[in-house]
>>> print(open('work-v2.cif').read())   # mmCIF, C-alpha atoms and all ligand atoms
data_target
#
loop_
_atom_site.label_atom_id
_atom_site.label_comp_id
_atom_site.auth_asym_id
_atom_site.auth_seq_id
_atom_site.Cartn_x
_atom_site.Cartn_y
_atom_site.Cartn_z
CA MET A 1 4.90 -1.10 31.47
CA SER A 2 1.66 -2.95 30.82
CA GLU A 3 1.09 -6.57 31.65
CA PRO A 4 2.10 -9.37 29.27
CA ILE A 5 -0.75 -10.72 27.15
CA LEU A 6 1.26 -13.38 25.34
CA GLU A 7 4.30 -15.21 26.63
CA ILE A 8 6.20 -17.55 24.36
CA SER A 9 9.19 -19.45 25.66
CA GLY A 10 11.50 -21.97 24.03
CA LEU A 11 9.10 -22.43 21.11
CA THR A 12 10.46 -24.82 18.51
CA LYS A 13 8.73 -26.27 15.46
CA VAL A 14 10.29 -28.98 13.36
CA TYR A 15 8.09 -29.89 10.39
CA ARG A 16 7.83 -33.44 9.17
CA GLY A 17 10.84 -33.90 6.94
CA GLY A 18 13.08 -32.18 9.48
CA LEU A 19 12.84 -28.49 8.62
CA LYS A 20 13.24 -26.39 11.77
CA ALA A 21 10.87 -23.47 11.14
CA LEU A 22 11.10 -22.10 14.70
CA ASP A 23 14.19 -22.47 16.82
CA ASN A 24 13.82 -21.82 20.54
CA VAL A 25 11.78 -18.61 20.25
CA ASP A 26 11.21 -16.47 23.35
CA LEU A 27 8.85 -13.53 22.99
CA THR A 28 6.63 -11.53 25.31
CA ILE A 29 3.89 -9.27 23.98
CA ARG A 30 2.41 -6.58 26.22
CA LYS A 31 -1.22 -5.61 26.45
CA GLY A 32 -2.20 -2.83 24.06
CA GLU A 33 0.94 -2.75 21.96
CA ILE A 34 1.40 -3.15 18.24
CA PHE A 35 4.23 -5.54 17.63
CA ALA A 36 5.67 -5.98 14.14
CA LEU A 37 7.44 -9.19 13.32
CA LEU A 38 9.74 -8.41 10.46
CA GLY A 39 11.39 -11.12 8.39
CA PRO A 40 12.06 -12.44 4.89
CA ASN A 41 10.16 -15.26 3.15
CA GLY A 42 10.39 -18.51 5.02
CA ALA A 43 11.66 -16.89 8.24
CA GLY A 44 9.00 -18.61 10.34
CA LYS A 45 6.47 -15.80 10.81
CA THR A 46 3.41 -17.76 9.71
CA THR A 47 4.54 -20.78 11.72
CA LEU A 48 4.84 -18.60 14.82
CA ILE A 49 1.35 -17.18 14.34
CA GLY A 50 -0.05 -20.61 13.56
CA SER A 51 1.44 -22.00 16.77
CA VAL A 52 -0.32 -19.38 18.87
CA CYS A 53 -3.59 -19.74 16.96
CA GLY A 54 -3.70 -23.52 17.29
CA LEU A 55 -3.10 -24.20 13.59
CA VAL A 56 0.43 -25.55 14.02
CA ARG A 57 1.40 -28.03 16.72
CA PRO A 58 4.66 -26.89 18.32
CA THR A 59 7.40 -29.49 18.71
CA SER A 60 8.39 -28.04 22.08
CA GLY A 61 8.13 -24.89 24.15
CA ARG A 62 5.39 -23.06 25.97
CA ILE A 63 2.78 -20.51 24.92
CA ALA A 64 0.65 -18.68 27.48
CA ALA A 65 -2.02 -16.22 26.40
CA PHE A 66 -3.96 -14.10 28.91
CA GLY A 67 -2.17 -16.06 31.60
CA HIS A 68 -3.49 -19.41 30.32
CA ASP A 69 -1.25 -22.18 29.10
CA MET A 70 -2.35 -22.83 25.51
CA ALA A 71 -1.51 -26.54 25.69
CA ARG A 72 -3.82 -27.11 28.67
CA ASP A 73 -6.40 -24.37 28.38
CA TRP A 74 -6.59 -23.74 24.68
CA ARG A 75 -10.28 -22.94 24.35
CA HIS A 76 -10.30 -20.15 26.87
CA ALA A 77 -7.50 -18.27 25.16
CA ARG A 78 -8.49 -19.10 21.60
CA ALA A 79 -11.84 -17.31 21.86
CA ARG A 80 -10.00 -14.07 22.56
CA ILE A 81 -7.52 -14.38 19.70
CA GLY A 82 -8.28 -13.19 16.17
CA LEU A 83 -6.37 -14.08 13.05
CA VAL A 84 -6.31 -12.35 9.69
CA PRO A 85 -4.57 -14.89 7.47
CA GLN A 86 -2.71 -14.06 4.27
CA GLU A 87 -5.42 -15.46 2.05
CA LEU A 88 -9.08 -16.21 2.06
CA SER A 89 -9.54 -19.92 1.77
CA THR A 90 -13.26 -20.44 2.29
CA ASP A 91 -16.62 -18.71 1.91
CA MET A 92 -15.96 -17.49 -1.63
CA PHE A 93 -19.59 -18.07 -2.60
CA GLU A 94 -21.03 -16.44 0.52
CA PRO A 95 -22.29 -12.87 0.68
CA VAL A 96 -20.02 -10.66 2.78
CA ILE A 97 -22.45 -10.10 5.65
CA ARG A 98 -23.22 -13.78 6.08
CA ALA A 99 -19.54 -14.79 6.14
CA VAL A 100 -18.75 -12.13 8.75
CA SER A 101 -21.76 -12.96 10.93
CA TYR A 102 -20.89 -16.65 10.72
CA SER A 103 -17.36 -16.01 11.99
CA ARG A 104 -18.82 -14.39 15.08
CA GLY A 105 -21.02 -17.41 15.73
CA LEU A 106 -18.08 -19.74 15.26
CA PHE A 107 -16.52 -18.28 18.38
CA GLY A 108 -19.68 -18.78 20.37
CA LEU A 109 -20.82 -15.16 20.51
CA PRO A 110 -24.54 -14.36 20.15
CA PRO A 111 -25.61 -12.61 16.91
CA ASP A 112 -25.25 -8.84 17.05
CA LYS A 113 -26.45 -7.11 13.92
CA ALA A 114 -25.48 -3.66 15.13
CA ARG A 115 -21.91 -4.75 15.84
CA ILE A 116 -21.57 -6.45 12.42
CA GLU A 117 -22.93 -3.31 10.77
CA GLU A 118 -20.44 -1.17 12.66
CA ILE A 119 -17.53 -3.38 11.59
CA LEU A 120 -18.61 -3.49 7.94
CA LYS A 121 -19.09 0.28 7.90
CA SER A 122 -15.70 0.93 9.49
CA LEU A 123 -14.09 -1.15 6.74
CA SER A 124 -16.19 0.47 3.97
CA LEU A 125 -17.76 -2.91 3.27
CA TRP A 126 -21.33 -2.01 4.17
CA GLU A 127 -22.28 -1.16 0.57
CA LYS A 128 -20.88 -4.51 -0.52
CA ARG A 129 -22.54 -6.55 2.19
CA ASP A 130 -24.75 -8.58 -0.12
CA GLU A 131 -22.10 -9.29 -2.73
CA ARG A 132 -20.46 -12.66 -2.95
CA ILE A 133 -16.89 -12.51 -1.70
CA MET A 134 -15.55 -13.97 -4.96
CA ALA A 135 -16.87 -10.93 -6.84
CA LEU A 136 -14.89 -8.45 -4.72
CA SER A 137 -11.54 -6.90 -5.62
CA GLY A 138 -8.41 -8.20 -3.91
CA GLY A 139 -8.33 -5.25 -1.53
CA MET A 140 -11.96 -5.70 -0.54
CA LYS A 141 -11.37 -9.43 0.03
CA ARG A 142 -8.64 -8.50 2.47
CA ARG A 143 -11.05 -6.24 4.28
CA VAL A 144 -13.48 -9.14 4.57
CA LEU A 145 -10.72 -11.13 6.26
CA ILE A 146 -10.26 -8.33 8.77
CA ALA A 147 -14.04 -8.03 9.30
CA LYS A 148 -14.24 -11.76 10.01
CA ALA A 149 -11.45 -11.53 12.55
CA LEU A 150 -13.02 -8.47 14.23
CA SER A 151 -16.48 -10.04 14.32
CA HIS A 152 -15.70 -12.01 17.45
CA GLU A 153 -14.14 -9.03 19.22
CA PRO A 154 -10.66 -10.39 19.86
CA ASP A 155 -8.36 -8.88 22.47
CA LEU A 156 -5.30 -10.13 20.64
CA LEU A 157 -5.24 -9.90 16.86
CA PHE A 158 -2.74 -11.41 14.45
CA LEU A 159 -2.38 -9.86 11.02
CA ASP A 160 -0.30 -12.03 8.73
CA GLU A 161 1.21 -9.73 6.11
CA PRO A 162 -1.85 -7.48 5.94
CA THR A 163 -0.52 -5.43 3.05
CA ALA A 164 1.56 -7.89 1.02
CA GLY A 165 1.07 -7.15 -2.65
CA VAL A 166 -1.48 -4.35 -2.18
CA ASP A 167 -1.11 -0.90 -3.67
CA VAL A 168 0.09 2.11 -1.71
CA GLU A 169 -3.37 3.58 -1.23
CA LEU A 170 -4.83 0.40 0.18
CA ARG A 171 -1.78 -0.05 2.39
CA LYS A 172 -2.40 3.37 3.93
CA GLY A 173 -6.08 2.49 4.38
CA MET A 174 -5.08 -0.70 6.13
CA TRP A 175 -2.77 1.22 8.45
CA ALA A 176 -5.65 3.51 9.38
CA ILE A 177 -7.81 0.49 10.20
CA ILE A 178 -5.05 -0.98 12.37
CA ASP A 179 -4.78 2.36 14.16
CA GLU A 180 -8.49 2.31 14.93
CA MET A 181 -8.19 -1.18 16.37
CA ARG A 182 -5.33 -0.06 18.55
CA ALA A 183 -7.47 2.83 19.78
CA ARG A 184 -10.08 0.28 20.83
CA GLY A 185 -7.46 -1.43 22.97
CA VAL A 186 -6.77 -4.47 20.80
CA THR A 187 -3.25 -5.84 21.06
CA ILE A 188 -1.91 -6.43 17.57
CA ILE A 189 0.87 -8.57 16.20
CA LEU A 190 1.52 -8.08 12.54
CA THR A 191 4.01 -9.76 10.27
CA THR A 192 5.54 -7.91 7.41
CA HIS A 193 8.33 -7.81 4.87
CA TYR A 194 8.24 -4.05 4.77
CA ILE A 195 10.46 -1.97 7.03
CA GLU A 196 8.28 1.09 6.37
CA GLU A 197 5.22 -0.79 7.59
CA ALA A 198 6.92 -1.68 10.86
CA GLU A 199 8.09 1.92 11.12
CA GLU A 200 4.61 3.31 10.48
CA MET A 201 2.63 1.01 12.73
CA ALA A 202 4.61 -0.63 15.46
CA ASP A 203 5.47 0.20 19.04
CA ARG A 204 8.04 -2.57 19.07
CA VAL A 205 9.71 -4.53 16.32
CA GLY A 206 11.08 -8.08 16.34
CA ILE A 207 13.32 -9.37 13.59
CA ILE A 208 13.06 -13.05 12.72
CA ASN A 209 15.29 -14.99 10.39
CA ASN A 210 15.70 -18.75 9.94
CA GLY A 211 13.29 -19.43 12.78
CA ARG A 212 15.20 -17.34 15.29
CA ILE A 213 14.32 -13.99 16.77
CA ILE A 214 17.49 -12.04 16.12
CA LYS A 215 16.49 -8.84 17.87
CA VAL A 216 13.53 -7.21 19.61
CA ASP A 217 13.49 -3.51 20.39
CA GLU A 218 11.36 -0.41 20.72
CA LYS A 219 10.58 0.91 17.27
CA ALA A 220 12.59 4.11 17.56
CA ALA A 221 15.67 2.27 18.81
CA MET A 222 15.32 -0.37 16.11
CA MET A 223 14.84 2.18 13.34
CA ALA A 224 17.92 4.05 14.51
CA GLN A 225 19.89 0.92 13.65
CA LEU A 226 18.05 0.11 10.44
CA GLY A 227 17.63 2.10 7.29
CA ARG A 228 21.19 3.20 6.83
CA THR A 229 21.75 5.27 3.71
CA GLU A 230 24.18 4.33 0.97
CA ALA A 231 25.12 6.84 -1.73
CA HIS A 232 27.40 6.40 -4.70
CA ILE A 233 28.73 9.61 -6.17
CA ALA A 234 30.23 9.38 -9.65
CA LEU A 235 33.06 11.91 -10.00
CA ALA A 236 33.68 13.90 -13.16
CA GLN A 237 37.46 13.45 -12.67
CA PRO A 238 39.01 10.53 -10.76
CA ILE A 239 40.77 11.37 -7.51
CA ALA A 240 43.74 9.61 -5.92
CA ALA A 241 43.02 10.36 -2.26
CA LEU A 242 40.16 11.56 -0.10
CA PRO A 243 40.27 15.38 0.03
CA ALA A 244 40.58 16.81 3.55
CA ALA A 245 37.37 18.81 2.99
CA ILE A 246 35.28 15.62 3.10
CA ALA A 247 37.43 13.45 5.34
CA HIS A 248 35.02 13.86 8.26
CA PHE A 249 32.16 12.19 6.33
CA PRO A 250 31.72 8.39 6.41
CA VAL A 251 32.91 8.13 2.84
CA GLU A 252 35.34 5.97 0.89
CA ILE A 253 36.90 6.07 -2.53
CA GLU A 254 35.74 3.31 -4.87
CA ASP A 255 36.08 2.16 -8.48
CA GLY A 256 39.73 3.17 -8.60
CA GLY A 257 38.98 6.76 -7.64
CA SER A 258 36.17 7.41 -10.11
CA SER A 259 33.48 7.45 -7.45
CA LEU A 260 32.83 7.94 -3.76
CA CYS A 261 30.71 5.75 -1.54
CA TYR A 262 28.91 7.18 1.48
CA ARG A 263 27.54 4.79 4.11
CA GLY A 264 25.90 6.43 7.09
CA GLY A 265 22.73 7.73 8.58
CA ASP A 266 20.52 5.99 11.08
CA GLY A 267 17.05 5.70 9.65
CA THR A 268 15.97 9.11 10.92
CA GLY A 269 16.64 10.96 7.67
CA LYS A 270 20.13 11.91 8.87
CA GLY A 271 21.69 9.97 5.99
CA LYS A 272 20.00 11.98 3.26
CA ALA A 273 20.79 15.27 4.96
CA GLU A 274 24.41 14.24 5.34
CA VAL A 275 24.66 13.25 1.66
CA ALA A 276 23.36 16.73 0.78
CA GLU A 277 26.06 18.25 3.02
CA LEU A 278 28.66 16.03 1.40
CA THR A 279 27.76 17.22 -2.11
CA LYS A 280 27.98 20.85 -0.98
CA ALA A 281 31.41 20.17 0.51
CA LEU A 282 32.51 18.58 -2.77
CA THR A 283 31.36 21.61 -4.73
CA ARG A 284 33.16 23.94 -2.32
CA ALA A 285 36.32 21.87 -2.74
CA GLY A 286 36.02 22.20 -6.52
CA ILE A 287 35.31 18.51 -7.11
CA ASP A 288 32.70 17.98 -9.83
CA TYR A 289 30.42 14.98 -9.85
CA SER A 290 28.26 13.62 -12.64
CA GLY A 291 25.68 11.60 -10.72
CA ILE A 292 24.48 10.41 -7.33
CA GLU A 293 22.70 7.16 -6.59
CA THR A 294 21.21 6.97 -3.11
CA ARG A 295 19.42 4.07 -1.53
CA GLU A 296 18.22 3.01 1.91
CA SER A 297 19.43 -0.41 2.99
CA SER A 298 17.08 -3.26 2.24
CA LEU A 299 15.80 -5.75 4.75
CA GLU A 300 18.35 -8.20 3.38
CA ASP A 301 21.23 -5.75 4.01
CA ILE A 302 19.98 -5.29 7.55
CA PHE A 303 19.84 -9.03 8.18
CA VAL A 304 23.39 -9.39 6.92
CA SER A 305 24.60 -6.60 9.21
CA LEU A 306 22.59 -7.76 12.25
CA LEU A 307 23.73 -11.36 11.82
CA GLY A 308 27.29 -10.11 11.42
CA GLU A 309 27.01 -8.13 14.68
CA LYS A 310 25.54 -11.16 16.42
CA GLU A 311 28.31 -13.44 15.23
CA ALA A 312 30.95 -10.89 16.18
CA ALA A 313 29.47 -10.65 19.68
CA ALA A 314 29.28 -14.44 20.14
N1 LIG B 1 3.41 -27.52 6.62
C1 LIG B 1 4.72 -27.41 6.40
N2 LIG B 1 5.49 -28.48 6.21
C2 LIG B 1 6.83 -28.38 6.00
N3 LIG B 1 7.50 -27.21 5.99
C3 LIG B 1 6.79 -26.09 6.18
C4 LIG B 1 5.36 -26.12 6.39
N4 LIG B 1 4.92 -24.84 6.56
C5 LIG B 1 6.02 -24.05 6.45
N5 LIG B 1 7.13 -24.79 6.22
C6 LIG B 1 8.52 -24.28 6.08
O1 LIG B 1 8.86 -23.62 7.28
C7 LIG B 1 9.65 -22.46 7.02
C8 LIG B 1 8.96 -21.25 7.64
O2 LIG B 1 7.77 -20.98 6.91
P1 LIG B 1 6.75 -19.83 7.32
O3 LIG B 1 5.60 -19.93 6.40
O4 LIG B 1 6.52 -19.89 8.76
O5 LIG B 1 7.60 -18.53 6.98
P2 LIG B 1 7.14 -17.03 6.80
O6 LIG B 1 8.14 -16.22 7.52
O7 LIG B 1 5.73 -16.88 7.16
O8 LIG B 1 7.33 -16.84 5.23
P3 LIG B 1 6.49 -15.93 4.20
O9 LIG B 1 6.95 -14.55 4.46
O10 LIG B 1 6.98 -16.46 2.90
O11 LIG B 1 5.05 -16.18 4.44
C9 LIG B 1 9.77 -22.38 5.51
O12 LIG B 1 11.02 -22.93 5.13
C10 LIG B 1 8.63 -23.22 5.00
O13 LIG B 1 8.96 -23.80 3.75
#
>>> encode(input="work-v2.cif", output="structure tokens")
Amino acid sequence: MSEPILEISGLTKVYRGGLKALDNVDLTIRKGEIFALLGPNGAGKTTLIGSVCGLVRPTSGRIAAFGHDMARDWRHARARIGLVPQELSTDMFEPVIRAVSYSRGLFGLPPDKARIEEILKSLSLWEKRDERIMALSGGMKRRVLIAKALSHEPDLLFLDEPTAGVDVELRKGMWAIIDEMRARGVTIILTTHYIEEAEEMADRVGIINNGRIIKVDEKAAMMAQLGRTEAHIALAQPIAALPAAIAHFPVEIEDGGSSLCYRGGDGTGKGKAEVAELTKALTRAGIDYSGIETRESSLEDIFVSLLGEKEAAA
């Protein structure tokens, strides 16, 4: 297991007015990993990132990056940390290349035209280098944010909801860019609302809700618990009891016998396959159905079930 690059312990943030955005957060990030912080709106993701990047002053707790305590030795660590925020707030009138070069200088690195060119090319921004940022499309603006963060060659990079509100194509493009950064050895922490994004990108996943980290696990183990499948099967004729032929499936009668509800699977595609098996078994048993509605559980469903498990264990 590689060495820790970021160690957060007992981190709490209470905003003026009393809102506790982070509640005693402990989290260790290892060198070279991609860590996805998954949580709903207002969970505390941006506050957590802001605390590490020096934008939010923690109420209590400790943050150490690269072995340096951020409270005492902030400058040393800060120069090695990059942040891609959710939105561009400045430089709208600047040409792309100037904004990106300026970001590099801001962190005290000497100008390096070749490096800036390489970054802009890798993000397909080279052709747009002389355009003002305000004239770019939303997707290109996001790329500028990434280029700015990469310009100072961070070892630890935060991506705050890199693909919120972008179309599928751009999301895939963004994932490819994140992959390239990983290949260069950058440690990445990304926040997201999307389970599929965590699934696609991350080595480990942490789930945050109401300022608390509910669970942290390797991606595969986490996904095995998430993404359960739910299928509602409308029956052509109501049934009074579960037929023996389907009793071994995780299925229940609902709506007074006019439909069946399947809840199973483990996020590996097992659910869908099992629903297909279930429909075959119904056909074999001579039970007709008029429709099937299948869905994967949402992030909200998962929070409800994880919180339920946590409360049950407490
Ligand atoms: N400057 C602030 N002052 C007071 N409350 C704040 C401030 N910034 C954030 N909050 C509150 O802290 C909580 C956590 O917000 P935060 O932005 O960290 O969540 P998030 O998980 O990033 O949400 P989102 O997914 O919507 O970006 C929210 O209830 C938010 O309203």
>>> residues_near_ligand(input="work-v2.cif", ligand="ligand LIG 1 (chain B)", cutoff="8 Å", atoms="only C-alpha atoms and all ligand atoms", output="count of residues only")
26
>>> atom_distance(input="work-v2.cif", atom1="CA of Pro58 (chain A)", atom2="CA of Asn24 (chain A)")
10.7 Å
>>> closest_residue(input="work-v2.cif", among="A:Pro4, A:Pro243, A:Pro85, A:Gly265", to="Leu157 (chain A)", atoms="all atoms listed in the file")
A:Pro85
>>> residues_near_point(input="work-v2.cif", point="(7.2, -35.5, 19.5)", cutoff="12 Å", atoms="all atoms listed in the file", output="number ranges by chain")
A: 12-16, 57-61
>>> closest_residue(input="work-v2.cif", among="A:Met140, A:Leu278, A:Leu159, A:Leu106", to="His248 (chain A)", atoms="all atoms listed in the file")
A:Leu278
